[in-house]
file upload_17.pdb (PDB, C-alpha atoms, pLDDT in the B column)
ATOM      1  CA  MET A   1     -53.727  17.787  24.212  1.00 64.00           C
ATOM      2  CA  HIS A   2     -50.630  16.124  25.650  1.00 67.00           C
ATOM      3  CA  PRO A   3     -49.688  12.460  25.098  1.00 69.00           C
ATOM      4  CA  PRO A   4     -50.175  10.142  28.086  1.00 71.00           C
ATOM      5  CA  LYS A   5     -47.353   9.972  30.644  1.00 70.00           C
ATOM      6  CA  GLU A   6     -46.664   6.271  29.848  1.00 74.00           C
ATOM      7  CA  ILE A   7     -45.841   7.090  26.207  1.00 70.00           C
ATOM      8  CA  ILE A   8     -43.503   9.914  27.237  1.00 69.00           C
ATOM      9  CA  ASP A   9     -41.763   7.619  29.779  1.00 76.00           C
ATOM     10  CA  THR A  10     -41.370   4.886  27.150  1.00 82.00           C
ATOM     11  CA  GLU A  11     -39.925   7.348  24.615  1.00 81.00           C
ATOM     12  CA  MET A  12     -37.464   8.690  27.184  1.00 80.00           C
ATOM     13  CA  ALA A  13     -36.392   5.161  28.133  1.00 80.00           C
ATOM     14  CA  LEU A  14     -35.779   4.324  24.458  1.00 83.00           C
ATOM     15  CA  ILE A  15     -33.731   7.492  24.014  1.00 82.00           C
ATOM     16  CA  HIS A  16     -31.621   6.637  27.078  1.00 79.00           C
ATOM     17  CA  ILE A  17     -31.071   3.075  25.857  1.00 85.00           C
ATOM     18  CA  SER A  18     -30.074   4.381  22.410  1.00 84.00           C
ATOM     19  CA  VAL A  19     -27.570   6.798  23.923  1.00 81.00           C
ATOM     20  CA  ILE A  20     -26.088   4.041  26.087  1.00 84.00           C
ATOM     21  CA  LEU A  21     -25.785   1.681  23.076  1.00 82.00           C
ATOM     22  CA  VAL A  22     -24.071   4.364  20.992  1.00 81.00           C
ATOM     23  CA  ALA A  23     -21.667   5.115  23.852  1.00 82.00           C
ATOM     24  CA  VAL A  24     -20.838   1.424  24.398  1.00 79.00           C
ATOM     25  CA  THR A  25     -20.315   0.945  20.639  1.00 73.00           C
ATOM     26  CA  ALA A  26     -17.983   3.945  20.502  1.00 75.00           C
ATOM     27  CA  VAL A  27     -15.951   2.666  23.454  1.00 75.00           C
ATOM     28  CA  LEU A  28     -15.698  -0.853  21.983  1.00 69.00           C
ATOM     29  CA  TYR A  29     -14.576   0.628  18.664  1.00 70.00           C
ATOM     30  CA  GLN A  30     -11.807   2.648  20.350  1.00 72.00           C
ATOM     31  CA  LEU A  31     -10.482  -0.077  22.649  1.00 72.00           C
ATOM     32  CA  GLU A  32      -8.220  -2.681  21.063  1.00 71.00           C
ATOM     33  CA  VAL A  33      -7.072  -6.170  21.948  1.00 69.00           C
ATOM     34  CA  SER A  34      -3.280  -6.472  22.277  1.00 73.00           C
ATOM     35  CA  PHE A  35      -2.912  -9.189  19.614  1.00 69.00           C
ATOM     36  CA  ASP A  36      -3.972 -10.016  16.063  1.00 72.00           C
ATOM     37  CA  PRO A  37      -6.972 -12.306  16.648  1.00 79.00           C
ATOM     38  CA  LEU A  38      -6.766 -15.787  15.142  1.00 82.00           C
ATOM     39  CA  VAL A  39      -9.485 -16.290  12.536  1.00 87.00           C
ATOM     40  CA  ALA A  40      -8.679 -19.830  11.404  1.00 92.00           C
ATOM     41  CA  SER A  41      -5.819 -22.300  11.320  1.00 94.00           C
ATOM     42  CA  GLY A  42      -5.182 -25.668   9.767  1.00 95.00           C
ATOM     43  CA  THR A  43      -2.524 -28.223   8.961  1.00 95.00           C
ATOM     44  CA  VAL A  44      -2.171 -30.527   6.002  1.00 95.00           C
ATOM     45  CA  ILE A  45       0.412 -33.111   4.926  1.00 94.00           C
ATOM     46  CA  LEU A  46       1.293 -32.683   1.258  1.00 93.00           C
ATOM     47  CA  MET A  47       2.606 -35.575  -0.796  1.00 91.00           C
ATOM     48  CA  ARG A  48       5.413 -33.501  -2.308  1.00 92.00           C
ATOM     49  CA  ASN A  49       8.759 -32.287  -1.085  1.00 91.00           C
ATOM     50  CA  ARG A  50       8.976 -28.922   0.617  1.00 93.00           C
ATOM     51  CA  GLU A  51      10.392 -27.099  -2.426  1.00 94.00           C
ATOM     52  CA  ASP A  52       7.583 -28.218  -4.752  1.00 94.00           C
ATOM     53  CA  SER A  53       4.920 -27.495  -2.139  1.00 94.00           C
ATOM     54  CA  PHE A  54       6.289 -24.016  -1.481  1.00 96.00           C
ATOM     55  CA  LYS A  55       6.541 -23.201  -5.198  1.00 94.00           C
ATOM     56  CA  TYR A  56       2.918 -24.221  -5.647  1.00 94.00           C
ATOM     57  CA  ALA A  57       1.720 -22.068  -2.736  1.00 93.00           C
ATOM     58  CA  ALA A  58       3.798 -19.093  -3.906  1.00 93.00           C
ATOM     59  CA  ASN A  59       2.381 -19.231  -7.460  1.00 91.00           C
ATOM     60  CA  VAL A  60      -0.138 -16.402  -7.081  1.00 87.00           C
ATOM     61  CA  PRO A  61      -1.759 -16.602 -10.550  1.00 85.00           C
ATOM     62  CA  HIS A  62      -2.883 -20.147  -9.702  1.00 89.00           C
ATOM     63  CA  TYR A  63      -4.489 -19.346  -6.343  1.00 90.00           C
ATOM     64  CA  HIS A  64      -7.941 -19.721  -7.856  1.00 91.00           C
ATOM     65  CA  LYS A  65      -7.205 -23.430  -8.451  1.00 91.00           C
ATOM     66  CA  TRP A  66      -6.974 -24.285  -4.775  1.00 92.00           C
ATOM     67  CA  THR A  67      -8.334 -21.435  -2.657  1.00 91.00           C
ATOM     68  CA  LEU A  68     -12.097 -21.434  -2.368  1.00 88.00           C
ATOM     69  CA  MET A  69     -12.661 -17.681  -2.009  1.00 86.00           C
ATOM     70  CA  VAL A  70     -10.339 -16.543  -4.805  1.00 91.00           C
ATOM     71  CA  SER A  71     -11.803 -16.548  -8.316  1.00 91.00           C
ATOM     72  CA  SER A  72      -8.709 -15.051  -9.976  1.00 91.00           C
ATOM     73  CA  ALA A  73      -5.420 -13.332  -9.196  1.00 92.00           C
ATOM     74  CA  GLU A  74      -3.311 -10.743 -10.941  1.00 91.00           C
ATOM     75  CA  GLU A  75       0.243  -9.647 -10.244  1.00 89.00           C
ATOM     76  CA  VAL A  76       0.621  -5.881  -9.867  1.00 89.00           C
ATOM     77  CA  SER A  77       4.414  -5.888  -9.965  1.00 81.00           C
ATOM     78  CA  THR A  78       6.343  -8.140 -12.335  1.00 82.00           C
ATOM     79  CA  SER A  79       9.235  -8.683  -9.928  1.00 83.00           C
ATOM     80  CA  HIS A  80      10.143 -12.096  -8.590  1.00 88.00           C
ATOM     81  CA  MET A  81       8.310 -13.309  -5.517  1.00 90.00           C
ATOM     82  CA  LYS A  82       9.771 -11.525  -2.480  1.00 92.00           C
ATOM     83  CA  ALA A  83       8.676  -9.508   0.532  1.00 93.00           C
ATOM     84  CA  GLY A  84       6.951  -6.361  -0.701  1.00 92.00           C
ATOM     85  CA  LYS A  85       5.544  -7.888  -3.906  1.00 93.00           C
ATOM     86  CA  THR A  86       1.962  -6.771  -4.519  1.00 93.00           C
ATOM     87  CA  PHE A  87      -0.906  -8.385  -6.353  1.00 92.00           C
ATOM     88  CA  HIS A  88      -4.688  -8.342  -6.505  1.00 93.00           C
ATOM     89  CA  LEU A  89      -6.901 -11.250  -5.579  1.00 92.00           C
ATOM     90  CA  TYR A  90     -10.479 -11.239  -6.835  1.00 93.00           C
ATOM     91  CA  SER A  91     -13.358 -12.846  -5.022  1.00 90.00           C
ATOM     92  CA  ASP A  92     -16.955 -13.218  -6.148  1.00 88.00           C
ATOM     93  CA  ILE A  93     -19.013 -12.589  -3.025  1.00 81.00           C
ATOM     94  CA  PRO A  94     -22.772 -13.205  -3.133  1.00 82.00           C
ATOM     95  CA  LEU A  95     -24.803  -9.976  -3.038  1.00 83.00           C
ATOM     96  CA  LEU A  96     -21.622  -7.860  -3.236  1.00 81.00           C
ATOM     97  CA  GLY A  97     -20.328  -9.079  -6.584  1.00 87.00           C
ATOM     98  CA  ARG A  98     -16.691  -9.188  -7.641  1.00 89.00           C
ATOM     99  CA  GLN A  99     -14.366  -7.721  -5.011  1.00 89.00           C
ATOM    100  CA  GLU A 100     -10.754  -6.713  -5.598  1.00 92.00           C
ATOM    101  CA  ILE A 101      -8.514  -7.555  -2.649  1.00 91.00           C
ATOM    102  CA  PRO A 102      -5.152  -5.722  -2.699  1.00 93.00           C
ATOM    103  CA  THR A 103      -2.548  -8.107  -1.282  1.00 93.00           C
ATOM    104  CA  LYS A 104       1.107  -7.845  -0.342  1.00 94.00           C
ATOM    105  CA  VAL A 105       3.796 -10.403   0.511  1.00 95.00           C
ATOM    106  CA  VAL A 106       5.110  -9.484   3.962  1.00 96.00           C
ATOM    107  CA  VAL A 107       7.364 -12.479   4.733  1.00 96.00           C
ATOM    108  CA  TYR A 108       9.120 -14.541   2.096  1.00 96.00           C
ATOM    109  CA  LYS A 109      11.591 -17.200   3.211  1.00 97.00           C
ATOM    110  CA  PRO A 110      11.996 -19.522   0.217  1.00 95.00           C
ATOM    111  CA  TYR A 111      10.844 -23.078   0.880  1.00 95.00           C
ATOM    112  CA  HIS A 112      10.031 -22.300   4.533  1.00 96.00           C
ATOM    113  CA  ARG A 113       7.541 -19.491   5.077  1.00 97.00           C
ATOM    114  CA  LEU A 114       5.187 -17.276   3.099  1.00 97.00           C
ATOM    115  CA  ASP A 115       3.029 -14.569   4.709  1.00 96.00           C
ATOM    116  CA  ILE A 116       0.633 -12.424   2.727  1.00 95.00           C
ATOM    117  CA  GLN A 117      -1.488  -9.567   3.973  1.00 94.00           C
ATOM    118  CA  THR A 118      -4.795  -8.461   2.494  1.00 92.00           C
ATOM    119  CA  HIS A 119      -5.958  -4.847   2.505  1.00 89.00           C
ATOM    120  CA  LEU A 120      -9.738  -4.958   2.224  1.00 79.00           C
ATOM    121  CA  HIS A 121     -11.640  -2.800   4.716  1.00 72.00           C
ATOM    122  CA  LEU A 122     -13.346  -5.527   6.779  1.00 69.00           C
ATOM    123  CA  LEU A 123     -11.079  -8.357   5.659  1.00 75.00           C
ATOM    124  CA  GLU A 124      -7.654  -7.072   6.636  1.00 86.00           C
ATOM    125  CA  MET A 125      -5.922 -10.349   7.327  1.00 90.00           C
ATOM    126  CA  ARG A 126      -2.486 -11.890   7.488  1.00 93.00           C
ATOM    127  CA  ILE A 127      -2.187 -15.413   6.125  1.00 94.00           C
ATOM    128  CA  SER A 128       0.903 -17.310   7.313  1.00 96.00           C
ATOM    129  CA  MET A 129       2.042 -20.520   5.652  1.00 97.00           C
ATOM    130  CA  ASN A 130       4.878 -22.502   7.239  1.00 97.00           C
ATOM    131  CA  PHE A 131       6.418 -25.460   5.395  1.00 97.00           C
ATOM    132  CA  THR A 132       8.390 -28.190   7.195  1.00 96.00           C
ATOM    133  CA  ASP A 133       9.858 -31.476   6.021  1.00 92.00           C
ATOM    134  CA  THR A 134       8.440 -34.741   7.198  1.00 88.00           C
ATOM    135  CA  HIS A 135       9.270 -38.280   6.070  1.00 81.00           C
ATOM    136  CA  LYS A 136       7.417 -41.552   6.034  1.00 79.00           C
ATOM    137  CA  ASP A 137       9.221 -44.691   4.866  1.00 79.00           C
ATOM    138  CA  ASP A 138      12.007 -42.489   3.432  1.00 79.00           C
ATOM    139  CA  VAL A 139       9.507 -40.649   1.223  1.00 81.00           C
ATOM    140  CA  PRO A 140       9.589 -36.855   1.613  1.00 83.00           C
ATOM    141  CA  PHE A 141       6.370 -35.108   2.529  1.00 91.00           C
ATOM    142  CA  THR A 142       5.643 -31.556   3.549  1.00 94.00           C
ATOM    143  CA  LYS A 143       3.700 -30.381   6.553  1.00 95.00           C
ATOM    144  CA  LEU A 144       1.933 -27.098   5.829  1.00 96.00           C
ATOM    145  CA  ASP A 145       0.707 -25.097   8.820  1.00 96.00           C
ATOM    146  CA  CYS A 146      -1.561 -22.236   7.822  1.00 96.00           C
ATOM    147  CA  ALA A 147      -2.923 -19.552  10.123  1.00 95.00           C
ATOM    148  CA  ILE A 148      -5.129 -16.575   9.327  1.00 92.00           C
ATOM    149  CA  HIS A 149      -5.057 -13.610  11.703  1.00 89.00           C
ATOM    150  CA  ALA A 150      -7.271 -10.532  11.575  1.00 87.00           C
ATOM    151  CA  ARG A 151      -5.374  -7.242  11.406  1.00 80.00           C
ATOM    152  CA  ARG A 152      -8.237  -5.256  12.924  1.00 74.00           C
ATOM    153  CA  ARG A 153      -8.031  -5.201  16.703  1.00 71.00           C
ATOM    154  CA  SER A 154     -11.018  -3.255  18.026  1.00 76.00           C
ATOM    155  CA  TYR A 155     -13.155  -4.981  20.639  1.00 74.00           C
ATOM    156  CA  LEU A 156     -16.209  -4.142  18.539  1.00 73.00           C
ATOM    157  CA  TYR A 157     -14.796  -6.027  15.534  1.00 74.00           C
ATOM    158  CA  TYR A 158     -13.534  -8.822  17.806  1.00 76.00           C
ATOM    159  CA  SER A 159     -16.894  -9.374  19.498  1.00 77.00           C
ATOM    160  CA  THR A 160     -19.140  -9.064  16.429  1.00 80.00           C
ATOM    161  CA  LEU A 161     -17.936  -9.513  12.856  1.00 80.00           C
ATOM    162  CA  LEU A 162     -14.915 -11.637  13.748  1.00 81.00           C
ATOM    163  CA  GLN A 163     -17.120 -14.366  15.193  1.00 84.00           C
ATOM    164  CA  VAL A 164     -19.036 -14.698  11.911  1.00 87.00           C
ATOM    165  CA  LEU A 165     -15.795 -14.464   9.938  1.00 85.00           C
ATOM    166  CA  ARG A 166     -14.294 -17.315  11.985  1.00 88.00           C
ATOM    167  CA  PHE A 167     -17.230 -19.556  11.142  1.00 89.00           C
ATOM    168  CA  VAL A 168     -16.883 -18.876   7.411  1.00 89.00           C
ATOM    169  CA  MET A 169     -13.083 -18.841   7.196  1.00 90.00           C
ATOM    170  CA  LYS A 170     -12.571 -22.106   9.097  1.00 93.00           C
ATOM    171  CA  SER A 171     -14.533 -24.014   6.481  1.00 93.00           C
ATOM    172  CA  GLN A 172     -12.941 -22.041   3.627  1.00 92.00           C
ATOM    173  CA  LEU A 173      -9.437 -22.795   4.919  1.00 94.00           C
ATOM    174  CA  LYS A 174     -10.214 -26.457   5.478  1.00 95.00           C
ATOM    175  CA  GLY A 175     -11.551 -26.781   1.925  1.00 94.00           C
ATOM    176  CA  SER A 176      -8.614 -24.865   0.448  1.00 94.00           C
ATOM    177  CA  LEU A 177      -6.033 -27.041   2.197  1.00 94.00           C
ATOM    178  CA  LEU A 178      -7.872 -30.158   1.025  1.00 94.00           C
ATOM    179  CA  ASN A 179      -7.873 -28.811  -2.543  1.00 94.00           C
ATOM    180  CA  MET A 180      -4.146 -28.152  -2.369  1.00 94.00           C
ATOM    181  CA  LYS A 181      -3.506 -31.642  -1.030  1.00 93.00           C
ATOM    182  CA  LEU A 182      -5.549 -33.242  -3.812  1.00 93.00           C
ATOM    183  CA  LEU A 183      -3.949 -31.127  -6.542  1.00 92.00           C
ATOM    184  CA  LEU A 184      -0.441 -31.927  -5.338  1.00 90.00           C
ATOM    185  CA  GLN A 185      -1.146 -35.674  -5.244  1.00 86.00           C
ATOM    186  CA  THR A 186      -1.612 -35.869  -8.992  1.00 71.00           C
TER     187      THR A 186
END

call {"tool": "encode", "arguments": {"input": "upload_17.pdb", "output": "structure tokens"}}
result
Amino acid sequence: MHPPKEIIDTEMALIHISVILVAVTAVLYQLEVSFDPLVASGTVILMRNREDSFKYAANVPHYHKWTLMVSSAEEVSTSHMKAGKTFHLYSDIPLLGRQEIPTKVVVYKPYHRLDIQTHLHLLEMRISMNFTDTHKDDVPFTKLDCAIHARRRSYLYYSTLLQVLRFVMKSQLKGSLLNMKLLLQT
């Protein structure tokens, strides 16, 4: 006995839809945007001079004090802070547990700019911190501009996971910059 024609038609339609979805997913995975997509950005005025603010931000072992997603940090190389220096950040992610995030300094311009790049499969990001002087009533302050860009460029990543990541990282960055501001006021 053969199944009714309606069931066969429905099964064939589902197979065609599945094939189309797989093909679209494969195309979106292969095509890339021409830029590193912005995940989050923020600005904060720090109540310290630029040198002190930069030293604080470049002190990797203390990242857990002000960044919300980092639970600890460990230097891999014992060299002074410079471009090429590597370290591991650790993050405790619900349901996934403790994650090691290999990280590298890619731009180091003392007292002006610090860029670090993470190398975790779905969280390949470049974090740029720019420090500029600002004054109010002859008191030196520092303006910190921070931007986080995704290093993955596929349209599939851009249209799916990146949107969720933006939602999470915007609040994480905002909280981290507020923590840094509060810690540098004391």

call {"tool": "closest_residue", "arguments": {"input": "upload_17.pdb", "among": "A:Lys174, A:His88, A:Arg126, A:Lys109", "to": "A:Arg152", "atoms": "all atoms listed in the file"}}
result
A:Arg126

call {"tool": "resolve_selection", "arguments": {"input": "upload_17.pdb", "expression": "the PyMOL selection byres ((chain A and resi 72) around 10)", "output": "list in words"}}
result
Val60, Pro61, His62, Tyr63, His64, Lys65, Thr67, Met69, Val70, Ser71, Ala73, Glu74, His88, Leu89, Tyr90, Ser91, Asp92 and Glu100 of chain A

call {"tool": "resolve_selection", "arguments": {"input": "upload_17.pdb", "expression": "the PyMOL selection byres ((chain A and resi 176) around 12)", "output": "ChimeraX atom specification"}}
result
/A:41-44,57,63-70,146,169-175,177-183

call {"tool": "resolve_selection", "arguments": {"input": "upload_17.pdb", "expression": "the PyMOL selection byres ((chain A and resi 45) around 9)", "output": "PyMOL selection string"}}
result
chain A and resi 43-44+46-48+134+141-145+181

call {"tool": "write_last_selection", "arguments": {"input": "upload_17.pdb", "atoms": "C-alpha atoms", "output": "PDB file, keeping the file's coordinate frame"}}
result
ATOM      1  CA  THR A  43      -2.524 -28.223   8.961  1.00 95.00           C
ATOM      2  CA  VAL A  44      -2.171 -30.527   6.002  1.00 95.00           C
ATOM      3  CA  LEU A  46       1.293 -32.683   1.258  1.00 93.00           C
ATOM      4  CA  MET A  47       2.606 -35.575  -0.796  1.00 91.00           C
ATOM      5  CA  ARG A  48       5.413 -33.501  -2.308  1.00 92.00           C
ATOM      6  CA  THR A 134       8.440 -34.741   7.198  1.00 88.00           C
ATOM      7  CA  PHE A 141       6.370 -35.108   2.529  1.00 91.00           C
ATOM      8  CA  THR A 142       5.643 -31.556   3.549  1.00 94.00           C
ATOM      9  CA  LYS A 143       3.700 -30.381   6.553  1.00 95.00           C
ATOM     10  CA  LEU A 144       1.933 -27.098   5.829  1.00 96.00           C
ATOM     11  CA  ASP A 145       0.707 -25.097   8.820  1.00 96.00           C
ATOM     12  CA  LYS A 181      -3.506 -31.642  -1.030  1.00 93.00           C
TER      13      LYS A 181
END

call {"tool": "atom_distance", "arguments": {"input": "upload_17.pdb", "atom1": "atom CA of A:Leu161", "atom2": "atom CA of A:Ala13"}}
result
28.1 Å

call {"tool": "closest_residue", "arguments": {"input": "upload_17.pdb", "among": "A:Glu51, A:Asp138, A:Ile15, A:Glu32", "to": "A:Tyr155", "atoms": "all atoms listed in the file"}}
result
A:Glu32

call {"tool": "closest_residue", "arguments": {"input": "upload_17.pdb", "among": "A:His16, A:Arg50, A:His119, A:Lys136", "to": "A:Pro102", "atoms": "all atoms listed in the file"}}
result
A:His119

call {"tool": "atom_distance", "arguments": {"input": "upload_17.pdb", "atom1": "atom CA of A:Tyr56", "atom2": "atom CA of A:Asp115"}}
result
14.2 Å

call {"tool": "residues_near_point", "arguments": {"input": "upload_17.pdb", "point": "(-8.7, 4.5, 18.5)", "cutoff": "12 Å", "atoms": "only C-alpha atoms", "output": "PyMOL selection string"}}
result
chain A and resi 26-33+152-156

call {"tool": "atom_distance", "arguments": {"input": "upload_17.pdb", "atom1": "atom CA of A:Tyr108", "atom2": "atom CA of A:Gly84"}}
result
8.9 Å

call {"tool": "residues_near_point", "arguments": {"input": "upload_17.pdb", "point": "(7.4, -16.9, -3.7)", "cutoff": "7 Å", "atoms": "all atoms listed in the file", "output": "ChimeraX atom specification"}}
result
/A:55,58-59,81-82,108,110

call {"tool": "closest_residue", "arguments": {"input": "upload_17.pdb", "among": "A:Thr103, A:Ser159, A:Thr186, A:Thr132", "to": "A:Thr25", "atoms": "only C-alpha atoms"}}
result
A:Ser159

call {"tool": "closest_residue", "arguments": {"input": "upload_17.pdb", "among": "A:Ala83, A:Ala150, A:Val19, A:Leu96", "to": "A:Leu123", "atoms": "all atoms listed in the file"}}
result
A:Ala150

call {"tool": "axis_aligned_box", "arguments": {"input": "upload_17.pdb", "around": "stretch 13-18 of chain A", "padding_each_side": "5 Å", "output": "AutoDock Vina command-line options"}}
result
--center_x -33.2 --center_y 5.3 --center_z 25.3 --size_x 16.3 --size_y 14.4 --size_z 15.7
